[in-house]
Amino acid sequence: MELYDCQMAPNPRRARIFIAEKHLDIKTNEISIIEGENLKEDYLKINPWGLLPSLVVDENTVISEVPSIFLYLESMHPEPNLLGNDLLETVNIQSWERFSEMNGMQAVGEFFRNQAEPLANRGMPGFSGVAQVPELVGRGKKRAEWYYSQLNDRLGKSAYVAGKRYTAADITALCVVDFGKAVGLPFEAGCTNISRWYDEVSKRPSSKM
Ligand SMILES: N[C@@H](CCC(=O)N[C@@H](CS)C(=O)NCC(=O)O)C(=O)O
């Protein structure tokens, strides 16, 4: 099994943290998105969408969406459990995990990739020849602010994103929050519930990944 990874990118980090929480040792291959290695033929043979991460399971199977990588690894290595112990917990974790990807990761991504110089002419992940759209910078910022407000409300009622314990939903939210900080779109100081949760989950050894 091999993970195709990109150290500076937030979606591969979701997979790396999950792998670290499971105490797995998986060979990784670094692909530079900034250098455009993900758009070159060698990598497109592995993942024709040009996206990272990809988990190569065997010669016939490449898993290329993070939630599917989570599911595969959890099924192969059930402990520690990160995706739920019963149906209701599982669907709750899945909902919150997807919420952070669709509303947080995509919002910060929209803000970042439509203004970052190294991504000029790469306005969509996995493509070249797609123009940046400056209007999406402001829209991404508004979307991210809404996401942070929702996350802050949630963490005012719940110790962790999906309930009383650390799960995959915390992994994706942490990757969004750190991505936002890195690209100049951090949560506001008034989001004290996010701050309390962030300080705690950031102390986990896996968060260094
Ligand atoms: N929904 C995908 C998202 C993958 C994605 O967008 N990855 C970004 C890195 S964070 C990427 O590959 N970008 C390639 C590019 O910018 O060209 C997943 O869950 O894996």
# chains A, B, ... in the order shown; residues from 1 in each chain; ligands from 1

call {"tool": "residues_around", "arguments": {"residues": "range 98-110 of chain A", "least_positions_apart": "3", "cutoff": "8 Å", "atoms": "only C-alpha atoms", "output": "PyMOL selection string"}}
result
chain A and resi 94-95+113-114+136-137+139-141+143-144+147-148+169+172-173+175-176+179-180+185

call {"tool": "select_by_dssp", "arguments": {"residues": "chain A", "states": "alpha helix (DSSP H)", "output": "number ranges by chain"}}
result
A: 10-21, 41-46, 66-76, 87-99, 106-113, 135-157, 168-182, 192-201

call {"tool": "write_last_selection", "arguments": {"atoms": "C-alpha atoms", "output": "CSV table (one decimal), in the first residue's frame"}}
result
chain,number,residue,atom,x,y,z
A,10,PRO,CA,-4.7,20.2,3.4
A,11,ASN,CA,-6.6,17.3,1.8
A,12,PRO,CA,-3.6,14.9,1.9
A,13,ARG,CA,-3.1,16.0,5.5
A,14,ARG,CA,-6.5,14.6,6.4
A,15,ALA,CA,-5.3,11.2,5.3
A,16,ARG,CA,-1.9,11.6,7.0
A,17,ILE,CA,-3.5,12.5,10.3
A,18,PHE,CA,-5.9,9.6,10.0
A,19,ILE,CA,-3.0,7.2,9.3
A,20,ALA,CA,-1.1,8.6,12.3
A,21,GLU,CA,-4.1,8.2,14.6
A,41,GLU,CA,1.6,12.0,-17.1
A,42,ASP,CA,3.3,9.8,-14.4
A,43,TYR,CA,0.9,10.9,-11.7
A,44,LEU,CA,-2.2,11.0,-14.1
A,45,LYS,CA,-1.6,7.3,-14.7
A,46,ILE,CA,-2.2,6.8,-11.0
A,66,VAL,CA,-10.4,11.2,1.5
A,67,PRO,CA,-13.6,9.8,3.0
A,68,SER,CA,-13.1,6.6,0.9
A,69,ILE,CA,-9.5,6.4,2.2
A,70,PHE,CA,-10.8,6.8,5.7
A,71,LEU,CA,-13.4,4.0,5.2
A,72,TYR,CA,-10.9,1.6,3.7
A,73,LEU,CA,-8.3,2.1,6.5
A,74,GLU,CA,-11.0,1.9,9.2
A,75,SER,CA,-12.3,-1.4,7.8
A,76,MET,CA,-8.8,-2.9,7.6
A,87,LEU,CA,-25.1,3.5,12.8
A,88,LEU,CA,-26.2,6.8,14.4
A,89,GLU,CA,-22.7,7.7,15.5
A,90,THR,CA,-21.4,6.8,12.0
A,91,VAL,CA,-23.8,9.0,10.1
A,92,ASN,CA,-23.3,11.9,12.5
A,93,ILE,CA,-19.5,11.7,12.1
A,94,GLN,CA,-19.9,11.4,8.3
A,95,SER,CA,-22.3,14.4,8.2
A,96,TRP,CA,-19.9,16.7,10.2
A,97,GLU,CA,-16.9,15.5,8.3
A,98,ARG,CA,-18.6,16.2,4.9
A,99,PHE,CA,-19.8,19.5,6.3
A,106,GLN,CA,-13.8,24.4,-0.3
A,107,ALA,CA,-14.4,27.9,1.0
A,108,VAL,CA,-10.8,28.4,2.1
A,109,GLY,CA,-9.6,26.8,-1.1
A,110,GLU,CA,-11.7,29.2,-3.2
A,111,PHE,CA,-10.2,32.1,-1.3
A,112,PHE,CA,-6.6,30.9,-1.7
A,113,ARG,CA,-6.5,29.4,-5.2
A,135,GLU,CA,-14.5,37.5,-7.4
A,136,LEU,CA,-14.2,34.1,-5.8
A,137,VAL,CA,-11.6,35.4,-3.3
A,138,GLY,CA,-14.3,37.5,-1.6
A,139,ARG,CA,-16.9,34.8,-1.9
A,140,GLY,CA,-14.5,32.2,-0.3
A,141,LYS,CA,-13.9,34.6,2.6
A,142,LYS,CA,-17.6,35.0,3.2
A,143,ARG,CA,-18.2,31.2,3.0
A,144,ALA,CA,-15.3,30.5,5.4
A,145,GLU,CA,-16.6,33.1,7.9
A,146,TRP,CA,-20.0,31.3,7.8
A,147,TYR,CA,-18.3,28.0,8.2
A,148,TYR,CA,-16.4,29.2,11.2
A,149,SER,CA,-19.5,30.6,12.8
A,150,GLN,CA,-21.3,27.2,12.4
A,151,LEU,CA,-18.3,25.4,13.7
A,152,ASN,CA,-18.1,27.7,16.7
A,153,ASP,CA,-21.8,27.2,17.5
A,154,ARG,CA,-21.4,23.4,17.2
A,155,LEU,CA,-18.3,23.4,19.5
A,156,GLY,CA,-20.3,25.4,22.1
A,157,LYS,CA,-22.6,22.5,22.4
A,168,ALA,CA,-12.6,11.8,11.6
A,169,ALA,CA,-14.8,14.9,11.8
A,170,ASP,CA,-12.2,16.6,14.0
A,171,ILE,CA,-9.5,15.7,11.6
A,172,THR,CA,-11.1,17.5,8.6
A,173,ALA,CA,-12.1,20.5,10.7
A,174,LEU,CA,-8.5,20.8,12.0
A,175,CYS,CA,-7.2,20.7,8.5
A,176,VAL,CA,-9.6,23.4,7.4
A,177,VAL,CA,-8.7,25.6,10.4
A,178,ASP,CA,-4.9,25.2,9.9
A,179,PHE,CA,-5.3,25.8,6.1
A,180,GLY,CA,-7.2,29.0,6.9
A,181,LYS,CA,-4.5,30.2,9.3
A,182,ALA,CA,-1.8,29.4,6.7
A,192,THR,CA,-13.8,31.0,21.7
A,193,ASN,CA,-15.3,27.5,21.3
A,194,ILE,CA,-13.2,26.8,18.2
A,195,SER,CA,-10.2,28.2,20.1
A,196,ARG,CA,-10.8,25.8,23.1
A,197,TRP,CA,-11.2,22.8,20.8
A,198,TYR,CA,-8.3,23.8,18.5
A,199,ASP,CA,-5.9,24.1,21.5
A,200,GLU,CA,-6.8,20.6,22.6
A,201,VAL,CA,-6.8,18.8,19.2

call {"tool": "closest_residue", "arguments": {"among": "A:Asn29, A:Glu65, A:Leu55, A:Ile34", "to": "ligand 1", "atoms": "only C-alpha atoms and all ligand atoms"}}
result
A:Glu65

call {"tool": "residues_near_ligand", "arguments": {"ligand": "ligand 1", "cutoff": "7 Å", "atoms": "only C-alpha atoms and all ligand atoms", "output": "NGL selection string"}}
result
:A and (9-12 or 33 or 36 or 38-39 or 50-53 or 64-67 or 122 or 124-127)

call {"tool": "closest_residue", "arguments": {"among": "A:Leu119, A:Met1, A:Leu82, A:Ile63", "to": "Glu35 in chain A", "atoms": "only C-alpha atoms"}}
result
A:Leu119

call {"tool": "atom_distance", "arguments": {"atom1": "CA of Asn81 in chain A", "atom2": "CA of Arg204 in chain A"}}
result
15.7 Å

call {"tool": "atom_distance", "arguments": {"atom1": "CA of Glu2 in chain A", "atom2": "CA of Glu30 in chain A"}}
result
10.7 Å

call {"tool": "atom_distance", "arguments": {"atom1": "CA of Val183 in chain A", "atom2": "CA of Cys6 in chain A"}}
result
16.4 Å

call {"tool": "select_by_dssp", "arguments": {"residues": "chain A", "states": "strand (DSSP E or B)", "output": "number ranges by chain"}}
result
A: 2-5, 27-30, 54-58, 61-63, 122, 130, 160, 163

call {"tool": "closest_residue", "arguments": {"among": "A:Pro134, A:Asn121, A:Gly129, A:Leu83", "to": "Lys22 in chain A", "atoms": "only C-alpha atoms"}}
result
A:Leu83
